[in-house]
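Asker: Sharing work-v4.txt here; it has compact mmCIF, C-alpha atoms.
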# COMPACT_ATOMS: atom_id res chain seq x y z
CA MET A 1 71.60 0.70 125.73
CA SER A 2 70.84 -1.15 128.90
CA ALA A 3 67.93 -3.52 129.17
CA HIS A 4 65.73 -1.39 131.37
CA VAL A 5 65.70 1.64 129.13
CA GLN A 6 62.10 1.98 128.13
CA ASP A 7 60.78 3.36 124.92
CA GLU A 8 60.10 7.01 125.20
CA ASP A 9 56.45 7.71 125.65
CA ALA A 10 55.63 11.39 125.71
CA THR A 11 52.27 10.70 127.31
CA ASN A 12 53.80 8.83 130.24
CA ALA A 13 54.04 11.63 132.75
CA TYR A 14 56.11 9.74 135.31
CA GLN A 15 58.62 8.58 132.77
CA SER A 16 59.06 12.10 131.53
CA LEU A 17 60.03 13.25 135.02
CA ALA A 18 63.23 11.28 134.85
CA GLY A 19 65.66 13.16 132.66
CA SER A 20 67.37 9.88 132.05
CA VAL A 21 65.86 6.46 132.49
CA ASP A 22 69.28 4.90 132.46
CA HIS A 23 70.48 4.33 136.00
CA ASP A 24 73.64 2.54 135.03
CA ASP A 25 75.61 5.74 135.36
CA PRO A 26 77.98 4.89 138.21
CA ARG A 27 78.15 8.52 139.25
CA TRP A 28 74.46 9.13 139.55
CA ALA A 29 74.77 9.58 143.30
CA PHE A 30 76.95 12.63 142.80
CA GLY A 31 74.21 13.84 140.55
CA SER A 32 75.83 16.94 139.20
CA GLY A 33 76.50 15.88 135.66
CA PHE A 34 80.20 15.22 136.17
CA GLU A 35 80.29 13.35 132.88
CA ASP A 36 78.58 16.18 131.05
CA MET A 37 81.36 18.62 131.75
CA GLU A 38 83.12 19.43 128.55
CA ALA A 39 86.62 19.64 129.83
CA ASP A 40 89.61 17.46 129.21
CA LEU A 41 91.38 16.87 132.50
CA THR A 42 94.57 16.27 130.57
CA ALA A 43 94.41 19.53 128.60
CA PRO A 44 97.81 21.21 128.24
CA VAL A 45 98.89 23.78 130.81
CA PRO A 46 98.10 27.27 129.46
CA ASP A 47 100.96 29.36 128.09
CA GLY A 48 102.73 31.40 130.71
CA ALA A 49 101.47 29.31 133.62
CA ASP A 50 103.84 27.30 135.80
CA PRO A 51 102.48 23.74 136.23
CA ALA A 52 103.31 23.79 139.93
CA ASP A 53 101.31 27.00 140.38
CA LEU A 54 98.39 25.62 138.40
CA ALA A 55 98.32 22.42 140.45
CA ALA A 56 98.44 24.43 143.69
CA TYR A 57 95.63 26.71 142.50
CA CYS A 58 93.41 23.77 141.57
CA LEU A 59 94.04 22.39 145.04
CA MET A 60 93.07 25.71 146.64
CA LEU A 61 89.74 25.89 144.83
CA GLY A 62 89.20 22.15 145.22
CA ASP A 63 90.14 21.92 148.90
CA ASP A 64 87.81 24.81 149.81
CA ALA A 65 84.98 22.79 148.31
CA LEU A 66 86.16 19.44 149.67
CA VAL A 67 86.59 20.46 153.31
CA TYR A 68 83.48 22.62 153.44
CA SER A 69 81.51 19.85 151.77
CA HIS A 70 82.61 17.53 154.56
CA ARG A 71 81.46 19.98 157.23
CA LEU A 72 78.09 20.31 155.50
CA THR A 73 77.56 16.56 155.48
CA GLU A 74 77.79 16.60 159.27
CA TRP A 75 74.22 17.95 159.14
CA VAL A 76 72.90 14.73 157.65
CA SER A 77 70.52 13.25 160.25
CA HIS A 78 70.77 16.42 162.37
CA ALA A 79 68.99 19.12 160.38
CA PRO A 80 65.93 20.76 161.96
CA GLU A 81 63.65 19.53 159.18
CA LEU A 82 63.94 16.68 156.72
CA GLU A 83 63.55 19.06 153.78
CA GLU A 84 66.37 21.28 155.03
CA GLU A 85 68.61 18.27 155.48
CA VAL A 86 68.19 17.34 151.84
CA ALA A 87 68.98 20.92 150.85
CA LEU A 88 72.23 20.95 152.86
CA ALA A 89 73.23 17.53 151.56
CA ASN A 90 72.59 18.69 147.99
CA THR A 91 74.80 21.69 148.60
CA ALA A 92 77.55 19.41 149.91
CA LEU A 93 77.23 17.17 146.85
CA ASP A 94 77.47 20.12 144.47
CA LEU A 95 80.69 21.23 146.14
CA LEU A 96 82.04 17.68 146.22
CA GLY A 97 81.43 17.51 142.48
CA GLN A 98 83.48 20.67 141.98
CA ALA A 99 86.22 19.33 144.26
CA ARG A 100 86.49 16.06 142.34
CA VAL A 101 87.19 17.74 139.01
CA LEU A 102 89.59 20.28 140.50
CA LEU A 103 91.54 17.65 142.43
CA ALA A 104 91.68 15.40 139.39
CA ARG A 105 93.08 18.30 137.38
CA ALA A 106 95.59 19.13 140.13
CA GLY A 107 96.72 15.51 140.25
CA HIS A 108 97.27 15.40 136.52
CA VAL A 109 99.15 18.69 136.38
CA GLU A 110 101.39 17.61 139.28
CA GLY A 111 102.69 14.94 136.95
CA LEU A 112 103.83 17.65 134.51
CA VAL A 113 105.98 19.40 137.12
CA PRO A 114 109.64 18.43 136.60
CA GLY A 115 110.27 15.49 138.93
CA GLY A 116 106.59 15.28 139.83
CA THR A 117 104.25 12.30 139.74
CA ALA A 118 100.62 12.34 138.72
CA ARG A 119 98.04 11.39 141.38
CA ASP A 120 94.33 10.77 141.14
CA GLU A 121 91.57 12.63 142.98
CA ASP A 122 91.30 9.96 145.68
CA ALA A 123 95.02 10.05 146.43
CA LEU A 124 94.75 13.80 146.90
CA ALA A 125 91.58 13.71 148.98
CA TYR A 126 92.51 10.83 151.26
CA TRP A 127 96.27 10.57 151.42
CA ARG A 128 97.50 14.10 151.95
CA GLU A 129 98.42 15.32 155.41
CA VAL A 130 96.70 18.34 156.90
CA GLY A 131 99.65 20.60 156.05
CA GLU A 132 99.31 19.73 152.36
CA LEU A 133 95.74 21.00 152.15
CA ARG A 134 95.30 24.49 150.71
CA ASN A 135 91.80 25.47 151.85
CA VAL A 136 90.89 28.66 153.68
CA ALA A 137 90.11 28.56 157.41
CA LEU A 138 86.44 29.42 156.77
CA ALA A 139 85.89 25.82 155.68
CA GLU A 140 87.54 24.29 158.73
CA PRO A 141 85.61 24.59 162.00
CA SER A 142 82.55 22.58 162.92
CA ASP A 143 79.51 24.81 163.27
CA ASP A 144 78.59 22.60 166.25
CA LEU A 145 75.29 21.89 164.52
CA ASP A 146 74.08 25.40 165.22
CA PHE A 147 71.75 26.08 162.31
CA ALA A 148 72.29 29.83 162.28
CA ARG A 149 76.04 29.23 162.04
CA ALA A 150 75.50 26.83 159.15
CA ILE A 151 73.52 29.52 157.34
CA ALA A 152 75.98 32.31 158.16
CA ARG A 153 78.90 30.30 156.80
CA LEU A 154 76.97 29.23 153.71
CA LEU A 155 76.09 32.86 153.02
CA VAL A 156 79.69 34.04 153.29
CA PHE A 157 81.21 31.06 151.48
CA SER A 158 78.81 31.06 148.55
CA THR A 159 78.90 34.84 148.12
CA TRP A 160 82.69 34.72 147.94
CA ARG A 161 82.80 31.66 145.72
CA ILE A 162 80.42 33.16 143.15
CA ALA A 163 82.65 36.23 143.02
CA LEU A 164 85.57 33.90 142.19
CA LEU A 165 83.80 31.51 139.82
CA HIS A 166 82.07 34.19 137.81
CA PRO A 167 85.25 35.63 136.26
CA LEU A 168 86.91 32.19 136.30
CA ARG A 169 84.53 31.12 133.53
CA ASP A 170 87.02 32.90 131.27
CA SER A 171 90.08 31.27 132.81
CA ALA A 172 92.80 30.29 130.37
CA ASP A 173 92.72 26.84 131.97
CA PRO A 174 89.88 24.93 130.28
CA VAL A 175 89.18 22.71 133.29
CA ILE A 176 88.91 25.61 135.72
CA ALA A 177 86.73 27.45 133.20
CA ALA A 178 84.41 24.44 132.90
CA VAL A 179 84.13 23.96 136.67
CA ALA A 180 83.40 27.66 137.04
CA ALA A 181 80.74 27.71 134.32
CA LYS A 182 78.87 24.89 135.98
CA GLY A 183 79.66 25.94 139.53
CA VAL A 184 78.29 29.47 139.18
CA LYS A 185 74.78 28.07 138.76
CA GLU A 186 75.16 25.70 141.68
CA VAL A 187 76.64 28.23 144.06
CA THR A 188 74.11 30.88 143.06
CA TYR A 189 71.45 28.53 144.36
CA HIS A 190 73.44 27.96 147.57
CA ARG A 191 73.66 31.70 148.12
CA ASP A 192 69.98 32.12 147.45
CA HIS A 193 69.18 29.42 150.00
CA ALA A 194 71.43 31.01 152.61
CA ALA A 195 70.12 34.51 151.94
CA ARG A 196 66.49 33.40 152.33
CA TRP A 197 67.25 31.79 155.67
CA THR A 198 69.24 34.81 156.81
CA LEU A 199 66.18 36.96 156.12
CA ARG A 200 63.84 34.57 157.89
CA LEU A 201 66.02 34.24 160.96
CA GLY A 202 67.25 37.83 161.10
CA ASP A 203 63.85 39.38 160.54
CA GLY A 204 62.09 36.66 162.52
CA THR A 205 61.61 36.35 166.27
CA ALA A 206 63.81 38.02 168.89
CA GLU A 207 65.39 34.63 169.56
CA SER A 208 66.12 33.78 165.92
CA ARG A 209 67.48 37.27 165.33
CA ALA A 210 69.84 37.06 168.32
CA ARG A 211 71.11 33.64 167.24
CA MET A 212 71.63 34.75 163.64
CA GLN A 213 73.58 37.77 164.86
CA ASP A 214 75.72 35.50 167.09
CA ALA A 215 76.37 33.28 164.10
CA LEU A 216 77.60 36.25 162.08
CA GLU A 217 79.97 37.17 164.90
CA TRP A 218 81.26 33.58 164.76
CA VAL A 219 81.91 33.56 161.03
CA TRP A 220 83.21 37.10 160.56
CA PRO A 221 86.85 36.63 161.64
CA PHE A 222 87.26 34.18 158.73
CA LEU A 223 86.35 36.78 156.13
CA GLU A 224 89.68 38.59 155.93
CA GLU A 225 91.61 35.58 154.68
CA LEU A 226 89.27 35.20 151.70
CA PHE A 227 90.74 38.36 150.15
CA ARG A 228 94.44 37.55 150.64
CA THR A 229 96.32 36.84 147.43
CA SER A 230 98.86 34.02 147.51
CA ASP A 231 102.04 34.10 145.41
CA GLU A 232 100.70 31.33 143.18
CA GLU A 233 97.52 33.26 142.55
CA ARG A 234 99.42 36.46 141.79
CA ARG A 235 101.52 34.71 139.13
CA LEU A 236 98.51 32.91 137.63
CA VAL A 237 96.50 36.13 137.38
CA ALA A 238 99.21 37.39 135.04
CA ALA A 239 98.82 34.22 132.95
CA GLY A 240 95.04 34.68 132.74
CA VAL A 241 94.40 31.50 134.71
CA ALA A 242 93.44 32.77 138.18
CA VAL A 243 91.30 35.51 139.66
CA ASP A 244 92.81 37.80 142.26
CA PRO A 245 90.76 37.15 145.44
CA ALA A 246 91.51 40.70 146.62
CA GLY A 247 89.35 41.87 143.74
CA THR A 248 86.29 40.01 145.04
CA ARG A 249 86.05 42.06 148.24
CA ALA A 250 83.85 44.82 146.83
CA GLU A 251 81.27 42.38 145.46
CA VAL A 252 81.25 40.24 148.60
CA ASP A 253 80.87 43.29 150.85
CA GLU A 254 78.07 44.68 148.76
CA VAL A 255 76.07 41.45 148.70
CA LEU A 256 76.55 40.76 152.40
CA ASP A 257 75.61 44.33 153.35
CA ARG A 258 72.47 44.13 151.27
CA VAL A 259 71.36 40.82 152.81
CA LEU A 260 72.20 41.86 156.37
CA ASP A 261 70.44 45.15 155.93
CA ARG A 262 67.24 43.55 154.74
CA ALA A 263 67.48 40.97 157.51
CA THR A 264 67.78 43.80 160.09
CA LEU A 265 71.12 42.37 161.20
CA THR A 266 74.27 44.29 162.05
CA ARG A 267 77.52 43.80 160.19
CA PRO A 268 79.98 42.54 162.82
CA GLU A 269 82.98 44.65 163.72
CA ALA A 270 85.08 41.61 164.62
CA PRO A 271 88.66 41.91 163.36
CA GLY A 272 89.92 39.35 160.86
CA MET A 273 91.89 36.34 161.95
CA GLY A 274 95.60 37.01 161.55
CA THR A 275 98.24 35.02 159.76
CA ILE A 276 101.08 33.00 161.24
CA GLY A 277 104.19 34.74 160.00
CA GLY A 278 102.28 35.82 156.90
CA LEU A 279 101.11 32.26 156.23
CA GLY A 280 97.56 30.91 156.18
CA GLY A 281 95.41 28.21 154.66
CA ARG A 282 96.68 28.81 151.12
CA GLN A 283 100.18 27.94 152.33
CA GLY A 284 99.02 24.87 154.28
CA VAL A 285 98.92 26.57 157.68
CA HIS A 286 95.61 25.69 159.29
CA THR A 287 93.59 26.02 162.45
CA GLU A 288 93.57 23.00 164.76
CA LYS A 289 89.93 22.43 163.74
CA LEU A 290 90.96 21.01 160.39
CA GLU A 291 92.82 18.11 161.94
CA HIS A 292 89.72 16.39 163.21
CA ALA A 293 87.67 16.99 160.05
CA VAL A 294 90.38 15.47 157.88
CA LEU A 295 90.87 12.55 160.26
CA VAL A 296 87.19 11.63 159.94
CA MET A 297 87.06 12.31 156.22
CA GLN A 298 90.07 10.11 155.48
CA SER A 299 89.53 7.36 158.06
CA LEU A 300 87.65 4.89 155.89
CA ALA A 301 89.92 5.22 152.87
CA ARG A 302 93.00 4.84 155.05
CA LYS A 303 91.67 1.84 156.92
CA HIS A 304 90.79 0.02 153.70
CA PRO A 305 93.24 1.27 151.09
CA GLY A 306 92.02 0.79 147.54
CA ALA A 307 88.61 -0.45 148.66
CA THR A 308 85.78 0.00 146.22
CA TRP A 309 82.04 -0.37 146.69
CA MET B 1 35.58 -2.22 154.18
CA SER B 2 33.08 -0.54 156.41
CA GLY B 3 33.53 2.83 154.84
CA GLN B 4 29.86 3.62 155.24
CA ASP B 5 30.25 3.70 159.04
CA MET B 6 32.79 6.50 159.07
CA ASN B 7 32.02 10.09 159.73
CA PRO B 8 33.09 12.51 157.01
CA GLN B 9 35.19 14.41 159.56
CA ASP B 10 37.34 11.31 160.13
CA VAL B 11 38.56 11.63 156.61
CA THR B 12 41.28 14.07 155.73
CA PRO B 13 43.38 14.63 152.66
CA GLU B 14 46.48 14.86 154.91
CA GLY B 15 49.23 12.56 153.70
CA GLY B 16 49.18 13.17 150.02
CA HIS B 17 47.51 9.98 148.91
CA GLY B 18 43.92 10.98 148.89
CA ALA B 19 41.49 10.56 151.72
CA VAL B 20 42.89 8.70 154.69
CA PRO B 21 40.72 7.39 157.53
CA THR B 22 42.15 8.37 160.90
CA ALA B 23 39.42 7.13 163.22
CA GLY B 24 40.43 4.24 165.46
CA VAL B 25 44.00 4.24 164.22
CA GLU B 26 46.76 4.38 166.83
CA THR B 27 48.91 7.29 165.69
CA GLY B 28 50.48 8.57 168.87
CA ALA B 29 49.12 11.97 168.02
CA ASP B 30 47.56 13.93 170.88
CA THR B 31 49.44 11.87 173.47
CA LYS B 32 52.01 14.61 173.98
CA PRO B 33 51.93 18.27 173.16
CA ALA B 34 52.98 18.22 169.54
CA ARG B 35 55.67 20.58 168.38
CA ARG B 36 53.99 23.04 166.07
CA THR B 37 54.88 21.79 162.67
CA TRP B 38 54.90 23.45 159.33
CA PRO B 39 51.91 22.88 157.10
CA LEU B 40 51.90 20.05 154.60
CA TYR B 41 52.23 20.79 150.92
CA GLU B 42 51.56 18.59 147.92
CA VAL B 43 54.13 18.78 145.15
CA PHE B 44 53.55 18.53 141.40
CA VAL B 45 56.46 18.43 138.97
CA ARG B 46 56.66 18.67 135.22
CA GLY B 47 59.79 17.18 133.71
CA LYS B 48 61.74 18.57 130.81
CA ARG B 49 59.88 16.42 128.32
CA GLY B 50 56.69 16.11 130.31
CA LEU B 51 53.39 17.48 129.15
CA ASN B 52 51.65 17.83 132.47
CA HIS B 53 52.45 18.24 136.12
CA VAL B 54 52.54 15.00 138.05
CA HIS B 55 51.97 14.55 141.76
CA VAL B 56 55.30 13.38 143.17
CA GLY B 57 54.77 13.60 146.93
CA SER B 58 54.42 15.95 149.81
CA LEU B 59 56.60 17.97 152.16
CA HIS B 60 56.47 20.44 155.00
CA ALA B 61 57.32 24.11 154.65
CA ALA B 62 56.64 27.34 156.50
CA ASP B 63 55.16 29.10 153.49
CA ASP B 64 54.66 28.86 149.73
CA GLU B 65 58.09 30.20 148.86
CA MET B 66 59.87 27.74 151.11
CA ALA B 67 57.68 24.93 149.80
CA LEU B 68 58.84 25.63 146.25
CA HIS B 69 62.46 25.62 147.33
CA ASN B 70 62.12 22.48 149.37
CA ALA B 71 60.37 20.80 146.46
CA ARG B 72 63.31 21.60 144.24
CA ASP B 73 65.67 19.97 146.70
CA VAL B 74 63.56 16.97 147.60
CA TYR B 75 61.84 16.03 144.37
CA THR B 76 63.90 17.16 141.39
CA ARG B 77 67.23 15.95 140.21
CA ARG B 78 69.88 18.38 139.21
CA ASN B 79 70.19 19.91 135.77
CA GLU B 80 66.65 19.22 134.72
CA GLY B 81 64.51 21.96 133.34
CA VAL B 82 61.38 21.53 135.40
CA SER B 83 58.31 23.35 136.48
CA ILE B 84 57.06 22.87 140.01
CA TRP B 85 53.67 23.51 141.56
CA VAL B 86 53.07 23.35 145.27
CA VAL B 87 49.73 23.62 147.01
CA ARG B 88 48.83 23.38 150.65
CA ALA B 89 47.31 19.97 151.31
CA ASP B 90 44.43 21.50 153.25
CA ALA B 91 43.49 23.51 150.17
CA ILE B 92 42.79 20.34 148.24
CA ALA B 93 39.22 19.16 148.15
CA ALA B 94 39.39 15.39 147.79
CA SER B 95 36.76 12.79 147.14
CA SER B 96 36.54 10.26 149.94
CA PRO B 97 36.48 6.45 149.76
CA ASP B 98 33.04 6.00 151.31
CA GLU B 99 31.54 8.08 148.54
CA LYS B 100 33.23 6.03 145.88
CA ASP B 101 30.22 4.21 144.56
CA PRO B 102 27.67 7.00 144.49
CA PHE B 103 30.32 9.42 143.32
CA PHE B 104 31.78 7.57 140.36
CA ALA B 105 29.57 4.65 139.41
CA PRO B 106 26.75 6.69 137.83
CA SER B 107 29.16 8.15 135.28
CA ALA B 108 30.28 4.75 134.05
CA ASP B 109 27.69 4.65 131.29
CA LYS B 110 28.04 8.29 130.31
CA VAL B 111 30.61 7.63 127.65
CA TYR B 112 29.78 10.88 125.86
CA ARG B 113 31.63 12.83 128.56
CA HIS B 114 34.94 12.11 126.87
CA PRO B 115 35.28 12.80 123.16
CA THR B 116 36.20 9.24 122.24
CA PHE B 117 34.13 9.01 119.10
CA TYR B 118 36.37 11.11 116.94
CA ALA B 119 39.02 9.65 114.71
CA ILE B 120 42.29 11.30 115.72
CA PRO B 121 44.77 11.83 112.91
CA GLU B 122 48.12 10.19 113.65
CA GLU B 123 49.99 13.43 113.10
CA VAL B 124 48.27 15.03 116.07
CA PRO B 125 50.21 14.11 119.19
CA HIS B 126 49.22 14.27 122.85
CA LEU B 127 45.51 14.72 122.26
Could you write out this file's structure as structure tokens?
Answerer:
Amino acid sequence: MSAHVQDEDATNAYQSLAGSVDHDDPRWAFGSGFEDMEADLTAPVPDGADPADLAAYCLMLGDDALVYSHRLTEWVSHAPELEEEVALANTALDLLGQARVLLARAGHVEGLVPGGTARDEDALAYWREVGELRNVALAEPSDDLDFARAIARLLVFSTWRIALLHPLRDSADPVIAAVAAKGVKEVTYHRDHAARWTLRLGDGTAESRARMQDALEWVWPFLEELFRTSDEERRLVAAGVAVDPAGTRAEVDEVLDRVLDRATLTRPEAPGMGTIGGLGGRQGVHTEKLEHAVLVMQSLARKHPGATW
Amino acid sequence: MSGQDMNPQDVTPEGGHGAVPTAGVETGADTKPARRTWPLYEVFVRGKRGLNHVHVGSLHAADDEMALHNARDVYTRRNEGVSIWVVRADAIAASSPDEKDPFFAPSADKVYRHPTFYAIPEEVPHL
């Protein structure tokens, strides 16, 4: 016990606000109970799953969270209200927490692939090239600090991610199952936040409604890719590890339709973004927007390799 | 402190720390057309092991529902079972500093207002 842990005093109201009075936890800034997660990152690869597939799948789920988290942090010091800025930063931190565990798992499992070497989460986050990232294009572009765009993307992303994480709580991979169990609660809050703002803006003034509708038109082409099943996913579904993203379409459509309807907004007709020879984000083929995001995200770690603070 | 010289209307509960004198203080307010801001809310949080709600600060929000959500993001840490109250700051009636003496001093000798003459058994907590 550290020196500044005080005796518990049930009548001390301020003390009771702090769930823990011990601030020695080095991860407190990431705040999402990383250390509470009951999952062994070095758990064996489930029967019937190819380690290379499992590592790739952890990267897919992790990179979605990592890259989108980075885009969300661009709102820090730019949000329309201080309170909203904290909300967006919290959302980014939740996703970063998910990314850390998933990347750490991916790095460990990579070491189990014949001829492979294990890497840690930082090596994966900061030292991969753009073509090695596995995230979907939805996470990639800047929203150009247009608040309606930020909300539209958060609505789509969180609706889709809940649909994935919900069944993934029963994944045969214990780490993915643990991330999903915790993540469902986090992302449900993100979706709630986005849905409330969509209602306010859509059913608000003529100006806010027009801008929210524009934002939906901006985000809609990214939807199609969310329901494409990669080869790795297809094989892992059979092993009980992964969820087929194609199966999430009905839920995502239903939720989005319900929110848009109540917000008096129109579901865009925009066609989905195509693939490049059948390849997309899951295969490491990205939009040019990702390049800049990754450059910024990795710059500090690459300039000062191994630095700690 | 020349609290007696101030008009009651110079005193407002705005700011979350009780009555604040605004007369004669350079604030920059009114010098340019202010952007219409959201109303101020005071936030009270009860922690997982707490017995009562504690004032933790204030925030701006468009309405009660948004105030609750903002309070969750600004004033609570993750994974804590908490209860939050929010109340619009202008709905709080606050005592003001210039009334301090007449307001509180006369009660100083009225010890019977709190039941302090009973022996409380040790097994009864939080009384």
Asker: Quick one: residues within 12 Å of Ala123 of chain A, all atoms listed in the file, excluding same-chain residues fewer than 5 positions away - as a list in words?
Answerer: Arg100, Leu103, Ala104, Ala106, Gly107, His108, Thr117, Ala118, Arg128, Glu129, Gln298, Ala301, Arg302, Pro305 and Gly306 of chain A
Asker: Show me which bits of chain B are within 12 Å of chain A, counting only C-alpha atoms, as a PyMOL selection string.
Answerer: chain B and resi 37-38+40-41+44-56+58-63+65-84+125-127
Asker: In Å, rounded to a single decimal, give me how far atom CA of Val101 of chain A is from atom CA of Gly48 of chain A.
Answerer: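 Separation between atom CA of Gly48 of chain A and atom CA of Val101 of chain A: 22.3 Å.
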Asker: Would you compute the distance between atom CA of Pro114 of chain A and atom CA of Ala172 of chain A? Give it in Å to one decimal.
Answerer: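 These two atoms are separated by 21.5 Å.
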Asker: One number please: atom CA of Ile92 of chain B to atom CA of Pro106 of chain B, in Å, one decimal.
Answerer: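 Distance reported for this atom pair: 23.5 Å.
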Asker: Go through A:Val113, A:Ile176, A:Leu95, A:Ala163 and flag the residue nearest Ala246 of chain A, using only C-alpha atoms for the distances.
Answerer: A:Ala163
Asker: Export segment 45-102 of chain B from the structure block above, keeping C-alpha atoms, as a short mmCIF file (atom, residue, chain, number, x, y, z; two decimals), in the first residue's frame.
Answerer:
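Wrote it out as part-v6.cif, contents follow:
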data_model
loop_
_atom_site.label_atom_id
_atom_site.label_comp_id
_atom_site.auth_asym_id
_atom_site.auth_seq_id
_atom_site.Cartn_x
_atom_site.Cartn_y
_atom_site.Cartn_z
CA VAL B 45 -22.18 13.11 -7.44
CA ARG B 46 -22.51 10.16 -5.12
CA GLY B 47 -19.69 7.66 -5.34
CA LYS B 48 -20.02 3.92 -5.14
CA ARG B 49 -19.35 3.89 -1.42
CA GLY B 50 -20.64 7.36 -0.73
CA LEU B 51 -23.62 8.06 1.46
CA ASN B 52 -24.63 11.42 0.10
CA HIS B 53 -24.32 13.49 -3.02
CA VAL B 54 -21.40 15.89 -3.00
CA HIS B 55 -21.09 19.09 -4.98
CA VAL B 56 -18.24 18.50 -7.43
CA GLY B 57 -18.48 21.51 -9.75
CA SER B 58 -20.47 23.07 -12.50
CA LEU B 59 -20.88 22.84 -16.25
CA HIS B 60 -22.85 24.21 -19.16
CA ALA B 61 -25.53 22.28 -20.99
CA ALA B 62 -28.50 23.00 -23.21
CA ASP B 63 -30.97 21.12 -21.04
CA ASP B 64 -31.27 18.74 -18.09
CA GLU B 65 -30.64 15.62 -20.13
CA MET B 66 -27.47 16.99 -21.67
CA ALA B 67 -26.34 18.24 -18.28
CA LEU B 68 -26.54 14.72 -16.86
CA HIS B 69 -24.55 13.34 -19.76
CA ASN B 70 -21.94 16.05 -19.60
CA ALA B 71 -21.63 15.50 -15.87
CA ARG B 72 -20.90 11.85 -16.46
CA ASP B 73 -18.11 12.77 -18.86
CA VAL B 74 -16.63 15.65 -16.92
CA TYR B 75 -16.96 14.61 -13.30
CA THR B 76 -17.01 10.82 -13.00
CA ARG B 77 -14.29 8.35 -13.68
CA ARG B 78 -15.02 5.25 -15.63
CA ASN B 79 -16.36 2.05 -14.14
CA GLU B 80 -17.72 3.63 -11.01
CA GLY B 81 -21.26 3.02 -9.96
CA VAL B 82 -22.42 6.55 -9.29
CA SER B 83 -25.52 8.60 -8.96
CA ILE B 84 -25.54 12.09 -10.40
CA TRP B 85 -27.79 15.06 -9.68
CA VAL B 86 -27.73 18.19 -11.77
CA VAL B 87 -29.62 21.37 -11.06
CA ARG B 88 -29.66 24.66 -12.88
CA ALA B 89 -27.54 27.16 -10.96
CA ASP B 90 -30.23 29.82 -11.20
CA ALA B 91 -32.63 27.47 -9.41
CA ILE B 92 -30.44 27.49 -6.33
CA ALA B 93 -31.34 29.95 -3.62
CA ALA B 94 -28.08 30.79 -1.87
CA SER B 95 -27.31 32.72 1.25
CA SER B 96 -25.11 35.71 0.57
CA PRO B 97 -21.93 36.84 2.35
CA ASP B 98 -23.27 40.18 3.55
CA GLU B 99 -26.01 38.39 5.44
CA LYS B 100 -23.54 36.08 7.11
CA ASP B 101 -23.69 37.50 10.58
CA PRO B 102 -27.40 38.09 10.97
#
